[in-house]
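A.B. asks: Dropping the structure in here first, questions after.
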Amino acid sequence: MLEIRGLTVRYGQAVAVTDVSLEVNKGEWVALIGPNGAGKTSTIKAVLGLVSHEGHIVLEGEVLDGLPAWARQSRGLGYVPEGRRLFAEMSVEENLRVGAYRVPERRVRENLSRIYEMFPVVGEKRRRPAKNLSGGEQQLVALGRALMSDPRYLLVDEASLGLMPLNVEAVFQALAAIHRQGSAILLVEQNAHKALEHAERACVLEVGRLQFSGSSEEIRNDPRVIESYLG
Ligand SMILES: Nc1ncnc2c1ncn2[C@@H]1O[C@H](COP(=O)(O)OP(=O)(O)O)[C@@H](O)[C@H]1O
Ligand SMILES: [Mg+2]
């Protein structure tokens with residue numbers, strides 16, 4: 001289990017996240033939804049050790065507070081940042097290898113084959129510069145890069161933002177495939193409808209506070225959530 005306990009994130013005087021507690025069980029898919037500026041990105045960055053925080057991050061019983069990002073990754077956390085952050089001039093395969101920090105070469109090759117099997121279009125284009133791929137294909141590369149370190153918990157920030165509907169669907173199918181292989185997912189999504197279709201549970205953040213959480217079914221049908229922004 002990945003536990004976030006009493007998380008508070010500040011940027012100087014500004015408080016972005018206030019006392020948020022939530023958990024992701026082994027193999028579970030949880031959506032973290034809420035309007036712009038709600039503190040979703042700050043929450044996952046705190047889990048990954050990319051911003052300092054108060055409260056505790058606990059992974060399968062081990063307290064991660066104070067550990068650098070690479071150490072958290074080597075303990076089983078994977079990260080797909082908003083906007084993908086690929087190296088545009090580097091090939092697709094080189095971009096995938098960026099995610100394999102401290103992974104033995106043999107495992108790197110196995111993971112590359114696994115990713116090319118899961119996302120054939122990425123395999124076909126593995127020698128091309130990342131910038132030549134469509135937005136949806138680049139998102140698959142960013143997902144693949146995170147998979148290179150065999151994460152048991154994958155944290156994904158805005159996987160579908162700015163993509164065309166067909167590509168949004170492809171990215172959600174990719175996430176579903178990753179989930180079927182046993183990875184837990186904490187997915188931050190603007191597209192709440194789509195996220196609630198796939199995730200098992202959801203947490204709703206508003207101005208840095210956890211407002212609602214429950215099964216996706218409950219959240220989808222909660223009049224308060226619908227009124228605030230599901231429309
Ligand atoms: N680096 C930063 N410095 C100062 N304020 C920030 C920084 N990053 C985010 N914030 C603020 O923290 C709040 C939460 O932002 P964020 O976590 O990015 O929310 P979300 O991902 O839900 O849109 C917002 O008010 C935002 O302006
Ligand atoms: Mg964000």
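The chains in the structure tokens are called A, B, ... from first to last as shown; in each chain the residues are counted from 1, and the ligands are counted from 1 in the order shown.
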Could you go through segment 51-134 of chain A and tell me which residues DSSP, when run on the backbone, assigns to helix (DSSP H, G or I), listing them as a PyMOL selection string?
C.D. replies: chain A and resi 69-74+92-98+105-118+120-124+130-132
A.B. asks: Taking only C-alpha atoms and all ligand atoms into account, list the residues no farther than 10 Å from ligand 1, as a compact mmCIF listing (two decimals) with N, CA and C atoms, in the first residue's frame.
C.D. replies:
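Heads up, here's the output in pocket.txt:
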# COMPACT_ATOMS: atom_id res chain seq x y z
N VAL A 9 1.68 20.76 1.71
CA VAL A 9 2.74 21.28 0.84
C VAL A 9 2.62 22.79 0.79
N ARG A 10 3.73 23.48 1.05
CA ARG A 10 3.74 24.96 1.00
C ARG A 10 4.75 25.42 -0.03
N TYR A 11 4.40 26.51 -0.70
CA TYR A 11 5.37 27.23 -1.53
C TYR A 11 5.54 28.59 -0.88
N GLY A 12 6.58 28.77 -0.11
CA GLY A 12 6.71 30.01 0.66
C GLY A 12 5.55 30.14 1.62
N GLN A 13 4.82 31.26 1.51
CA GLN A 13 3.68 31.50 2.41
C GLN A 13 2.43 30.76 1.93
N ALA A 14 2.41 30.42 0.63
CA ALA A 14 1.20 29.84 0.06
C ALA A 14 1.09 28.35 0.38
N VAL A 15 -0.09 27.93 0.81
CA VAL A 15 -0.32 26.51 1.10
C VAL A 15 -1.05 25.89 -0.09
N ALA A 16 -0.42 24.91 -0.74
CA ALA A 16 -1.01 24.28 -1.93
C ALA A 16 -1.81 23.04 -1.57
N VAL A 17 -1.39 22.34 -0.51
CA VAL A 17 -2.06 21.11 -0.08
C VAL A 17 -2.16 21.16 1.44
N LEU A 32 -7.22 10.91 -8.96
CA LEU A 32 -7.17 12.11 -8.14
C LEU A 32 -7.65 13.24 -9.03
N ILE A 33 -8.88 13.71 -8.74
CA ILE A 33 -9.47 14.70 -9.63
C ILE A 33 -9.76 15.99 -8.86
N GLY A 34 -10.07 17.03 -9.61
CA GLY A 34 -10.35 18.32 -8.99
C GLY A 34 -9.95 19.43 -9.94
N PRO A 35 -10.47 20.63 -9.70
CA PRO A 35 -10.23 21.74 -10.63
C PRO A 35 -8.76 22.17 -10.65
N ASN A 36 -8.44 23.01 -11.61
CA ASN A 36 -7.11 23.59 -11.73
C ASN A 36 -6.68 24.25 -10.43
N GLY A 37 -5.45 24.02 -10.03
CA GLY A 37 -4.93 24.69 -8.83
C GLY A 37 -5.35 24.02 -7.53
N ALA A 38 -5.99 22.85 -7.62
CA ALA A 38 -6.49 22.16 -6.41
C ALA A 38 -5.38 21.53 -5.58
N GLY A 39 -4.20 21.34 -6.18
CA GLY A 39 -3.10 20.73 -5.44
C GLY A 39 -2.80 19.30 -5.85
N LYS A 40 -3.31 18.89 -7.01
CA LYS A 40 -3.11 17.51 -7.48
C LYS A 40 -1.63 17.25 -7.80
N THR A 41 -1.06 18.14 -8.61
CA THR A 41 0.35 17.97 -8.99
C THR A 41 1.24 18.05 -7.76
N SER A 42 0.94 19.00 -6.87
CA SER A 42 1.76 19.13 -5.65
C SER A 42 1.71 17.85 -4.82
N THR A 43 0.54 17.22 -4.77
CA THR A 43 0.40 15.98 -4.01
C THR A 43 1.30 14.89 -4.57
N ILE A 44 1.25 14.69 -5.90
CA ILE A 44 2.08 13.58 -6.41
C ILE A 44 3.57 13.94 -6.40
N LYS A 45 3.88 15.23 -6.57
CA LYS A 45 5.30 15.60 -6.46
C LYS A 45 5.83 15.36 -5.04
N ALA A 46 4.99 15.57 -4.05
CA ALA A 46 5.41 15.31 -2.67
C ALA A 46 5.65 13.81 -2.46
N VAL A 51 8.98 17.84 -4.13
CA VAL A 51 8.76 19.07 -3.35
C VAL A 51 8.79 18.67 -1.87
N GLU A 82 3.42 15.72 -16.03
CA GLU A 82 2.56 16.47 -16.93
C GLU A 82 3.40 17.01 -18.09
N ASP A 157 0.54 12.20 -14.08
CA ASP A 157 -0.02 13.56 -14.00
C ASP A 157 -0.56 14.00 -15.36
N GLU A 158 -1.87 14.09 -15.47
CA GLU A 158 -2.54 14.59 -16.67
C GLU A 158 -2.12 13.85 -17.94
N VAL A 188 -3.77 11.51 -11.89
CA VAL A 188 -4.31 12.87 -11.84
C VAL A 188 -4.89 13.18 -13.20
N GLU A 189 -6.14 13.61 -13.24
CA GLU A 189 -6.79 13.83 -14.53
C GLU A 189 -7.75 15.03 -14.51
N GLN A 190 -7.64 15.85 -15.55
CA GLN A 190 -8.63 16.91 -15.77
C GLN A 190 -9.93 16.29 -16.30
N LEU A 205 -10.01 16.64 -4.86
CA LEU A 205 -9.33 17.73 -4.17
C LEU A 205 -9.95 19.05 -4.58
N GLU A 206 -10.06 19.94 -3.61
CA GLU A 206 -10.47 21.32 -3.90
C GLU A 206 -9.69 22.25 -3.00
N VAL A 207 -9.13 23.30 -3.59
CA VAL A 207 -8.24 24.22 -2.88
C VAL A 207 -7.39 23.52 -1.80
N GLY A 208 -6.71 22.48 -2.25
CA GLY A 208 -5.72 21.83 -1.40
C GLY A 208 -6.27 20.87 -0.37
A.B. asks: Quick one: residues within 10 Å of Leu48 of chain A, only C-alpha atoms counted, chain neighbours fewer than 3 positions away excluded, as a ChimeraX atom specification?
C.D. replies: /A:42-45,51-52,57,64-65,67-73,77-79,155
A.B. asks: What's around Ala177 of chain A at 8 Å? Count only C-alpha atoms, leave out sequence neighbours fewer than 4 positions away in its own chain, and write the answer as an NGL selection string.
C.D. replies: :A and (118 or 173 or 181)
A.B. asks: For segment 101-113 of chain A, please output as a ChimeraX atom specification all residues within 9 Å (counting only C-alpha atoms; exclusion window: fewer than 5 positions along the same chain).
C.D. replies: /A:70,74,93,96,118,123,144,147-150
A.B. asks: Excluding Val30 of chain A and residues on its chain fewer than 4 positions from it, collect all residues at most 6 Å away from it, counting only C-alpha atoms, and give them as a PyMOL selection string.
C.D. replies: chain A and resi 186+199-202
A.B. asks: Any chance you can output those residues with N, CA and C atoms as a PDB file, in the first residue's frame?
C.D. replies:
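Heads up, here's the output in out_11.pdb:
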ATOM      1  N   LEU A 186      -1.955   5.846  -9.550  1.00  0.00           N
ATOM      2  CA  LEU A 186      -2.582   7.051  -9.009  1.00  0.00           C
ATOM      3  C   LEU A 186      -2.590   8.049 -10.153  1.00  0.00           C
ATOM      4  N   ALA A 199     -10.957   4.170 -13.242  1.00  0.00           N
ATOM      5  CA  ALA A 199     -10.385   3.963 -11.910  1.00  0.00           C
ATOM      6  C   ALA A 199     -11.376   3.211 -11.024  1.00  0.00           C
ATOM      7  N   GLU A 200     -10.841   2.533 -10.012  1.00  0.00           N
ATOM      8  CA  GLU A 200     -11.717   1.819  -9.074  1.00  0.00           C
ATOM      9  C   GLU A 200     -12.225   2.762  -7.991  1.00  0.00           C
ATOM     10  N   ARG A 201     -11.346   3.696  -7.606  1.00  0.00           N
ATOM     11  CA  ARG A 201     -11.692   4.651  -6.560  1.00  0.00           C
ATOM     12  C   ARG A 201     -11.260   6.026  -6.995  1.00  0.00           C
ATOM     13  N   ALA A 202     -11.835   7.041  -6.352  1.00  0.00           N
ATOM     14  CA  ALA A 202     -11.452   8.408  -6.705  1.00  0.00           C
ATOM     15  C   ALA A 202     -11.418   9.282  -5.465  1.00  0.00           C
TER      16      ALA A 202
END
A.B. asks: Could you check how far atom CA of Ser228 of chain A sits from atom CA of Ala159 of chain A, in Å to one decimal?
C.D. replies: 22.2 Å
